[in-house]
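What follows is coords_2.csv (CSV, C-alpha atoms).
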```csv
chain,number,residue,atom,x,y,z
A,25,MET,CA,165.3,68.1,-11.3
A,26,SER,CA,168.1,69.3,-9.0
A,27,ASP,CA,168.1,72.8,-7.6
A,28,PRO,CA,169.8,74.9,-10.2
A,29,SER,CA,171.3,77.2,-7.6
A,30,SER,CA,173.4,74.3,-6.1
A,31,THR,CA,175.2,73.7,-9.4
A,32,ARG,CA,176.2,77.4,-9.7
A,33,ALA,CA,179.5,78.8,-8.6
A,34,PRO,CA,179.3,80.8,-5.3
A,35,ASP,CA,177.8,84.2,-6.1
A,36,PRO,CA,180.2,87.1,-5.4
A,37,PHE,CA,177.3,89.5,-5.0
A,38,PRO,CA,175.0,87.8,-2.6
A,39,ALA,CA,173.2,91.1,-1.6
A,40,ALA,CA,169.8,89.8,-2.5
A,41,GLY,CA,170.6,86.1,-3.0
A,42,ASN,CA,170.0,85.0,0.6
A,43,LEU,CA,166.4,85.9,0.6
A,44,SER,CA,163.7,84.0,-1.0
A,45,ASP,CA,161.5,85.7,-3.6
A,46,ALA,CA,158.5,85.6,-1.2
A,47,GLU,CA,160.5,87.3,1.5
A,48,ARG,CA,161.7,90.0,-0.9
A,49,GLU,CA,158.2,90.5,-2.2
A,50,ASP,CA,157.0,90.9,1.4
A,51,LEU,CA,159.7,93.5,2.0
A,52,ARG,CA,158.8,95.3,-1.2
A,53,ARG,CA,155.2,95.7,-0.1
A,54,HIS,CA,156.6,97.4,3.0
A,55,GLY,CA,158.6,99.8,0.8
A,56,ILE,CA,162.0,98.1,1.1
A,57,LEU,CA,163.6,97.3,-2.2
A,58,LEU,CA,166.5,94.8,-2.2
A,59,THR,CA,168.5,94.1,-5.2
A,60,SER,CA,171.9,92.7,-6.3
A,61,LEU,CA,174.4,94.3,-8.7
A,62,GLU,CA,173.5,91.7,-11.3
A,63,GLU,CA,169.8,92.5,-11.1
A,64,LEU,CA,170.4,96.2,-11.2
A,65,TYR,CA,172.7,95.8,-14.2
A,66,ASN,CA,170.3,93.7,-16.1
A,67,TRP,CA,167.3,95.8,-15.2
A,68,GLY,CA,169.0,98.9,-16.6
A,69,ARG,CA,170.3,97.2,-19.7
A,70,SER,CA,167.0,95.4,-20.6
A,71,ASN,CA,165.0,98.6,-20.3
A,72,SER,CA,167.2,100.8,-22.5
A,73,ILE,CA,167.9,98.7,-25.6
A,74,TRP,CA,168.9,101.0,-28.4
A,75,PRO,CA,168.4,99.4,-31.8
A,76,LEU,CA,170.4,100.2,-34.8
A,77,GLN,CA,168.5,102.2,-37.3
A,78,PHE,CA,168.9,99.8,-40.1
A,79,GLY,CA,166.2,98.4,-42.4
A,80,LEU,CA,166.7,96.0,-45.2
A,81,ALA,CA,163.3,95.2,-46.8
A,82,CYS,CA,159.6,95.2,-46.1
A,83,CYS,CA,160.1,94.1,-42.5
A,84,ALA,CA,161.7,97.4,-41.9
A,85,ILE,CA,158.3,99.1,-42.7
A,86,GLU,CA,156.8,97.0,-39.8
A,87,MET,CA,159.8,98.0,-37.6
A,88,ILE,CA,159.0,101.7,-38.4
A,89,ALA,CA,155.4,101.1,-37.6
A,90,ALA,CA,156.5,99.6,-34.3
A,91,ALA,CA,158.2,102.9,-33.5
A,92,THR,CA,155.1,105.0,-34.3
A,93,ALA,CA,152.5,106.2,-31.8
A,94,ARG,CA,150.1,103.4,-32.5
A,95,PHE,CA,152.4,100.6,-31.4
A,96,ASP,CA,155.0,102.8,-29.5
A,97,ILE,CA,158.1,100.8,-29.0
A,98,ALA,CA,159.1,103.6,-26.5
A,99,ARG,CA,156.9,101.7,-23.9
A,100,PHE,CA,159.8,99.2,-23.7
A,101,GLY,CA,162.6,101.8,-23.7
A,102,ALA,CA,163.8,100.8,-27.2
A,103,GLU,CA,162.7,103.9,-29.2
A,104,ILE,CA,166.1,105.4,-29.6
A,105,PHE,CA,167.1,104.1,-33.0
A,106,ARG,CA,170.8,105.0,-33.4
A,107,PRO,CA,172.2,105.8,-36.8
A,108,SER,CA,175.7,104.6,-35.7
A,109,PRO,CA,176.6,101.1,-34.8
A,110,ARG,CA,178.9,102.5,-32.0
A,111,GLN,CA,175.8,103.6,-30.0
A,112,ALA,CA,173.5,100.6,-30.7
A,113,ASP,CA,172.9,97.6,-28.5
A,114,LEU,CA,170.5,95.7,-30.8
A,115,MET,CA,170.6,94.9,-34.4
A,116,ILE,CA,167.2,94.1,-35.9
A,117,VAL,CA,167.9,92.3,-39.1
A,118,SER,CA,164.7,93.4,-40.7
A,119,GLY,CA,164.3,91.8,-44.1
A,120,THR,CA,165.9,90.0,-46.9
A,121,VAL,CA,169.7,89.9,-46.6
A,122,THR,CA,171.1,89.7,-50.1
A,123,LYS,CA,174.5,88.3,-50.7
A,124,LYS,CA,175.6,91.7,-51.8
A,125,MET,CA,174.5,93.1,-48.4
A,126,ALA,CA,175.6,90.3,-46.1
A,127,PRO,CA,179.3,91.5,-45.7
A,128,LEU,CA,178.0,95.0,-44.8
A,129,VAL,CA,175.6,93.6,-42.2
A,130,VAL,CA,178.5,91.6,-40.6
A,131,ARG,CA,180.7,94.6,-40.6
A,132,LEU,CA,178.1,96.7,-38.9
A,133,TRP,CA,177.6,93.9,-36.3
A,134,ASN,CA,181.4,93.9,-35.7
A,135,GLN,CA,181.4,97.6,-35.1
A,136,MET,CA,178.7,97.4,-32.4
A,137,PRO,CA,180.1,97.5,-28.9
A,138,GLU,CA,179.4,94.8,-26.4
A,139,PRO,CA,176.9,93.8,-25.0
A,140,LYS,CA,175.1,93.5,-28.3
A,141,TYR,CA,172.1,91.4,-29.4
A,142,CYS,CA,170.6,90.4,-32.7
A,143,ILE,CA,167.0,89.9,-33.7
A,144,ALA,CA,166.3,88.1,-37.0
A,145,MET,CA,163.0,89.6,-38.0
A,146,GLY,CA,160.9,87.8,-40.6
A,147,ALA,CA,161.3,84.7,-42.7
A,148,CYS,CA,164.0,86.2,-44.9
A,149,ALA,CA,166.4,87.0,-42.1
A,150,ILE,CA,165.8,83.6,-40.5
A,151,SER,CA,166.1,81.4,-43.6
A,152,GLY,CA,165.9,83.3,-46.8
A,153,GLY,CA,162.1,83.0,-46.7
A,154,PRO,CA,160.3,83.0,-50.0
A,155,PHE,CA,163.6,83.8,-51.7
A,156,LYS,CA,165.4,80.8,-50.3
A,157,GLN,CA,165.8,79.2,-53.7
A,158,GLY,CA,167.1,82.4,-55.2
A,159,TYR,CA,170.7,82.7,-56.3
A,160,ASN,CA,171.3,86.1,-54.6
A,161,VAL,CA,169.7,85.8,-51.2
A,162,LEU,CA,171.5,84.7,-48.0
A,163,LYS,CA,169.7,81.8,-46.4
A,164,GLY,CA,169.6,83.2,-42.9
A,165,ILE,CA,171.8,85.8,-41.2
A,166,ASP,CA,172.6,83.3,-38.5
A,167,ARG,CA,175.2,81.8,-40.9
A,168,TYR,CA,177.5,84.8,-40.1
A,169,ILE,CA,176.4,86.4,-36.8
A,170,PRO,CA,174.8,84.9,-33.6
A,171,VAL,CA,171.1,85.5,-33.5
A,172,ASP,CA,169.4,85.8,-30.1
A,173,ILE,CA,165.7,86.1,-31.1
A,174,TYR,CA,164.0,84.8,-34.2
A,175,ILE,CA,160.6,86.4,-35.1
A,176,PRO,CA,158.8,84.5,-37.8
A,177,GLY,CA,156.3,86.1,-40.2
A,178,CYS,CA,156.3,87.6,-43.6
A,179,PRO,CA,156.5,90.3,-42.5
A,180,PRO,CA,155.8,90.0,-38.8
A,181,ARG,CA,153.4,92.5,-37.5
A,182,PRO,CA,154.7,95.2,-35.1
A,183,GLU,CA,153.1,93.3,-32.2
A,184,ALA,CA,155.3,90.4,-33.1
A,185,LEU,CA,158.4,92.6,-33.0
A,186,LEU,CA,157.4,94.0,-29.6
A,187,HIS,CA,156.9,90.4,-28.4
A,188,GLY,CA,160.4,89.6,-29.7
A,189,LEU,CA,161.7,92.6,-27.9
A,190,THR,CA,160.1,91.6,-24.6
A,191,GLN,CA,161.6,88.1,-25.1
A,192,LEU,CA,165.0,89.7,-25.5
A,193,GLN,CA,164.4,91.7,-22.4
A,194,ALA,CA,163.6,88.5,-20.5
A,195,GLN,CA,166.8,86.9,-21.9
A,196,ILE,CA,168.9,89.9,-20.7
A,197,LYS,CA,167.3,89.8,-17.3
A,198,GLY,CA,168.3,86.2,-16.9
A,199,GLU,CA,172.0,86.8,-17.8
A,200,ARG,CA,174.6,86.0,-15.2
A,201,MET,CA,177.6,88.1,-14.3
A,202,SER,CA,179.6,85.2,-12.9
A,203,GLY,CA,179.7,81.5,-12.7
A,204,PRO,CA,179.8,78.9,-15.5
A,205,ASP,CA,176.8,80.5,-17.4
A,206,THR,CA,178.3,84.0,-17.5
A,207,ALA,CA,176.9,86.2,-20.2
A,208,ARG,CA,178.7,86.1,-23.5
A,209,HIS,CA,180.0,89.7,-23.5
A,210,LEU,CA,181.6,89.2,-20.0
A,211,ARG,CA,183.7,86.3,-21.1
A,212,PRO,CA,187.1,87.5,-22.5
A,213,GLU,CA,187.5,84.4,-24.8
A,214,GLU,CA,184.2,85.0,-26.7
A,215,PRO,CA,184.8,86.9,-29.9
A,216,SER,CA,183.3,90.3,-30.5
A,217,GLU,CA,184.2,90.4,-34.2
A,218,PHE,CA,183.1,87.7,-36.7
A,219,PRO,CA,184.8,87.0,-40.1
A,220,ILE,CA,183.3,89.0,-42.9
A,221,PRO,CA,182.6,87.0,-46.1
A,222,ASP,CA,184.0,88.0,-49.4
A,223,TYR,CA,182.2,88.2,-52.8
A,224,GLY,CA,183.2,84.9,-54.5
A,225,ALA,CA,182.7,83.9,-58.1
A,226,HIS,CA,179.4,82.1,-57.4
A,227,ASP,CA,178.7,82.6,-53.7
A,228,LEU,CA,179.9,84.3,-50.6
A,229,GLU,CA,183.2,82.9,-49.4
A,230,PRO,CA,183.0,81.2,-47.0
A,231,PRO,CA,179.3,80.4,-47.4
A,232,ARG,CA,178.9,80.3,-43.6
A,233,ASN,CA,180.8,80.7,-40.4
A,234,PRO,CA,181.3,77.1,-39.3
A,235,ASP,CA,181.7,78.1,-35.7
A,236,LEU,CA,178.1,79.4,-35.7
A,237,PHE,CA,176.1,77.4,-38.2
A,238,GLN,CA,176.1,73.9,-39.5
A,239,PRO,CA,173.5,72.9,-42.1
A,240,PRO,CA,171.1,70.4,-40.8
A,241,SER,CA,171.7,66.9,-42.2
A,242,LEU,CA,169.1,64.3,-43.0
A,243,PRO,CA,169.6,61.0,-41.3
A,244,ARG,CA,169.2,58.4,-44.0
A,245,LYS,CA,168.0,54.9,-43.3
A,246,ALA,CA,170.4,52.2,-44.3
B,3,MET,CA,170.9,127.8,1.2
B,4,HIS,CA,172.2,130.2,3.9
B,5,THR,CA,175.8,129.9,2.9
B,6,MET,CA,175.0,130.3,-0.8
B,7,GLY,CA,173.1,133.5,0.0
B,8,GLU,CA,176.3,135.2,1.1
B,9,HIS,CA,177.6,135.8,-2.4
B,10,PRO,CA,175.3,136.7,-5.3
B,11,HIS,CA,177.2,134.4,-7.6
B,12,GLY,CA,177.6,131.6,-5.2
B,13,PHE,CA,175.3,129.4,-7.2
B,14,LEU,CA,177.8,129.5,-10.0
B,15,ALA,CA,180.2,127.5,-7.9
B,16,LEU,CA,177.5,125.0,-7.3
B,17,PHE,CA,176.7,124.7,-11.0
B,18,LEU,CA,180.4,124.3,-11.8
B,19,SER,CA,180.9,121.5,-9.2
B,20,VAL,CA,177.9,119.6,-10.5
B,21,ALA,CA,179.0,120.1,-14.1
B,22,LEU,CA,182.4,118.7,-13.2
B,23,ALA,CA,181.2,115.9,-10.9
B,24,PHE,CA,178.5,114.5,-13.2
B,25,PRO,CA,180.7,113.5,-16.2
B,26,LEU,CA,183.6,112.5,-13.9
B,27,ILE,CA,181.3,110.1,-12.0
B,28,MET,CA,179.9,108.7,-15.2
B,29,LEU,CA,183.4,108.2,-16.7
B,30,GLY,CA,184.7,106.8,-13.4
B,31,VAL,CA,181.9,104.2,-13.2
B,32,ALA,CA,182.5,103.2,-16.8
B,33,TRP,CA,186.2,102.9,-16.2
B,34,LEU,CA,185.7,100.8,-13.1
B,35,TRP,CA,183.2,98.6,-14.9
B,36,VAL,CA,185.7,97.8,-17.7
B,37,ARG,CA,188.5,97.3,-15.1
B,38,PHE,CA,186.6,94.8,-13.0
B,39,PHE,CA,183.7,93.2,-14.9
B,40,GLN,CA,183.6,93.6,-18.7
B,41,PRO,CA,186.6,92.8,-20.8
B,42,ALA,CA,187.4,95.2,-23.5
B,43,LYS,CA,187.2,93.6,-27.0
B,44,PRO,CA,188.7,96.0,-29.5
B,45,GLY,CA,189.5,94.9,-33.0
B,46,PRO,CA,190.5,96.3,-36.4
B,47,GLN,CA,186.9,96.5,-37.7
B,48,LYS,CA,185.4,97.8,-34.5
B,49,ASN,CA,188.0,100.6,-34.4
B,50,ALA,CA,187.6,101.4,-38.1
B,51,THR,CA,186.7,105.0,-39.0
B,52,TYR,CA,183.8,104.5,-41.3
B,53,GLU,CA,180.6,103.2,-39.8
B,54,CYS,CA,178.3,102.6,-42.8
B,55,GLY,CA,179.0,98.9,-43.3
B,56,LEU,CA,181.3,99.6,-46.2
B,57,GLU,CA,185.0,99.3,-46.0
B,58,ALA,CA,186.9,102.6,-46.0
B,59,SER,CA,189.0,103.0,-49.1
B,60,GLY,CA,191.8,105.4,-49.9
B,61,ASP,CA,193.5,107.9,-47.7
B,62,SER,CA,191.9,110.7,-45.7
B,63,TRP,CA,195.0,112.9,-46.5
B,64,ILE,CA,193.9,113.8,-49.9
B,65,GLN,CA,194.5,117.1,-51.8
B,66,PHE,CA,191.5,119.2,-52.9
B,67,LYS,CA,191.3,122.4,-54.9
B,68,ALA,CA,191.7,125.6,-52.9
B,69,HIS,CA,190.1,127.6,-55.7
B,70,TYR,CA,187.1,128.7,-53.6
B,71,TYR,CA,189.4,130.2,-51.0
B,72,LEU,CA,189.9,133.3,-53.2
B,73,TYR,CA,186.2,133.9,-53.5
B,74,ALA,CA,185.8,133.6,-49.7
B,75,ILE,CA,188.5,136.3,-49.3
B,76,LEU,CA,186.8,138.5,-52.0
B,77,PHE,CA,183.5,138.1,-50.2
B,78,LEU,CA,185.1,139.4,-47.0
B,79,ILE,CA,185.8,142.7,-48.8
B,80,PHE,CA,182.1,143.3,-49.4
B,81,ASP,CA,181.1,141.8,-46.0
B,82,VAL,CA,183.3,144.1,-44.0
B,83,GLU,CA,182.5,147.1,-46.2
B,84,VAL,CA,178.8,146.7,-45.7
B,85,LEU,CA,179.3,146.5,-41.9
B,86,PHE,CA,180.9,149.9,-41.9
B,87,LEU,CA,179.0,151.5,-44.8
B,88,LEU,CA,175.6,151.4,-43.2
B,89,PRO,CA,176.5,153.4,-40.1
B,90,PHE,CA,178.7,155.6,-42.3
B,91,ALA,CA,175.7,156.4,-44.5
B,92,VAL,CA,173.5,157.2,-41.6
B,93,ALA,CA,176.0,159.5,-39.9
B,94,LEU,CA,177.4,161.0,-43.1
B,95,THR,CA,176.1,164.6,-42.7
B,96,ASP,CA,177.3,164.9,-39.1
B,97,LEU,CA,180.8,163.5,-39.7
B,98,SER,CA,183.9,165.7,-39.2
B,99,SER,CA,186.3,165.9,-42.1
B,100,GLY,CA,188.9,163.8,-40.3
B,101,ALA,CA,186.4,160.9,-39.9
B,102,LEU,CA,185.3,161.3,-43.5
B,103,ILE,CA,188.9,161.0,-44.8
B,104,ALA,CA,189.5,158.0,-42.6
B,105,MET,CA,186.4,156.3,-43.9
B,106,LEU,CA,187.3,157.0,-47.5
B,107,VAL,CA,190.8,155.6,-47.0
B,108,PHE,CA,189.2,152.5,-45.6
B,109,ILE,CA,186.9,152.1,-48.6
B,110,LEU,CA,189.8,152.8,-51.0
B,111,LEU,CA,191.9,150.1,-49.4
B,112,LEU,CA,189.2,147.5,-49.8
B,113,ALA,CA,188.3,148.7,-53.3
B,114,GLU,CA,192.0,148.5,-54.2
B,115,GLY,CA,192.0,144.8,-53.2
B,116,LEU,CA,189.0,144.2,-55.4
B,117,VAL,CA,190.6,146.0,-58.4
B,118,TRP,CA,193.8,143.9,-57.8
B,119,ALA,CA,191.8,140.7,-57.9
B,120,TRP,CA,189.8,141.8,-60.9
B,121,ASN,CA,193.0,142.6,-62.8
B,122,ARG,CA,194.5,139.2,-62.0
B,123,GLY,CA,191.4,137.6,-63.5
B,124,HIS,CA,190.3,136.0,-60.2
B,125,LEU,CA,186.7,137.0,-60.8
B,126,GLU,CA,186.4,134.5,-63.6
B,127,TRP,CA,185.8,130.9,-62.7
B,128,LYS,CA,188.3,128.7,-64.3
```
Final structure tokens representation of the file:
Amino acid sequence: MSDPSSTRAPDPFPAAGNLSDAEREDLRRHGILLTSLEELYNWGRSNSIWPLQFGLACCAIEMIAAATARFDIARFGAEIFRPSPRQADLMIVSGTVTKKMAPLVVRLWNQMPEPKYCIAMGACAISGGPFKQGYNVLKGIDRYIPVDIYIPGCPPRPEALLHGLTQLQAQIKGERMSGPDTARHLRPEEPSEFPIPDYGAHDLEPPRNPDLFQPPSLPRKA
Amino acid sequence: MHTMGEHPHGFLALFLSVALAFPLIMLGVAWLWVRFFQPAKPGPQKNATYECGLEASGDSWIQFKAHYYLYAILFLIFDVEVLFLLPFAVALTDLSSGALIAMLVFILLLAEGLVWAWNRGHLEWK
């Protein structure tokens, strides 16, 4: 394994980059806190994720439970469920996405401002779940919008949602502001809006966004 | 604190400057952030008016019936009248004849408006 920092482009904000973690920890014990703009930015964002108040099926009941006093999603700074996509950072696709509902979900996603993240909560949002063979259920929301965290379960318990949230926080904390692995929302060429499917005669048209999702193919032996 | 103690309302200037500086700093930082770091990504769907997931249909410049407007005006007759009738009733025995006549003219003017609306048939919902 090569040192990952050597492959990175030079950091334009090297305020805290020249010290090793041990040195910074030593300074922190003496009451001196050093940080970089990138760390401060990610720290602020990851600890104030505002989800969209948006429930689709039974997973939404678990999402509501995660917001109550017993599980208390406020411990992670994500208790402010916004009723408008304009004010939300996170879309928790909590439940079965029917084909009737899929264009609405994509439109809400398009209306959220960057940076935005998506959690597919439960088996239905991941793959259609128990309704995968049904004619009217979308087989995974990742066919139309990019999903950051998948939480399996049917439905996942509130603890699982909180775990997914902390995983998302860890992902946000690792995002870069510059270099080849710059975060998606900071790159001007990355799209913020995704095509909304239409109601076709038998299925949604198109059935998936080919830039995001390709169905897995079975390699056949000759 | 010493300079603020000179004028009893000096603290208002402090409040005003904080009230101005706070949003201006916020908006300035947001503007600088967009200018230097985060590219703006507007789009027709993101800028759409309706935010319920459904597509907005029709025009917002629609006509609607102004029928209720007349009832709002008629309600004002009673509303204003009650406002003046209560003190009028309390002070009735002590009033001079000039004040009494002025008040009666006022009530008559309002009652005339009610009679006019009644005659035009505005009190019946159509």
Subject >> Distance in Å - CA of His124 (chain B) versus CA of Ala104 (chain B) >> reply: 28.2 Å
**OP:** Please determine the contact residues of chain B with respect to chain A at a cut-off of 10 Å, counting all atoms listed in the file, and supply them as a list in words.
**Re:**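 Putting it all together, I get Val36, Phe39, Gln40, Pro41, Ala42, Lys43, Pro44, Gly45, Pro46, Gln47, Lys48, Asn49, Ala50, Thr51, Tyr52, Glu53, Cys54, Gly55, Leu56 and Glu57 of chain B.
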Subject >> Test item: residues at most 8 Å from Leu192 (chain A), all atoms listed in the file, excluding those fewer than 2 positions along its chain, as a list of chain:residue names >> reply: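 That gives A:Ser70, A:Asp172, A:Ile173, A:Gly188, A:Leu189, A:Thr190, A:Ala194, A:Gln195, A:Ile196.
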Original post:
Leaving out Leu78 (chain B) and any residue of its chain fewer than 5 positions from it, which residues lie within 12 Å of it when counting all atoms listed in the file, given as a PyMOL selection string?
Top reply: chain B and resi 71-73+83-85+112-113+115-116
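The spacing separating CA of Met115 (chain A) from CA of Gly79 (chain A) amounts to 9.8 Å.
Interatomic distance, CA of Met145 (chain A) against CA of Phe78 (chain A): 12.0 Å.
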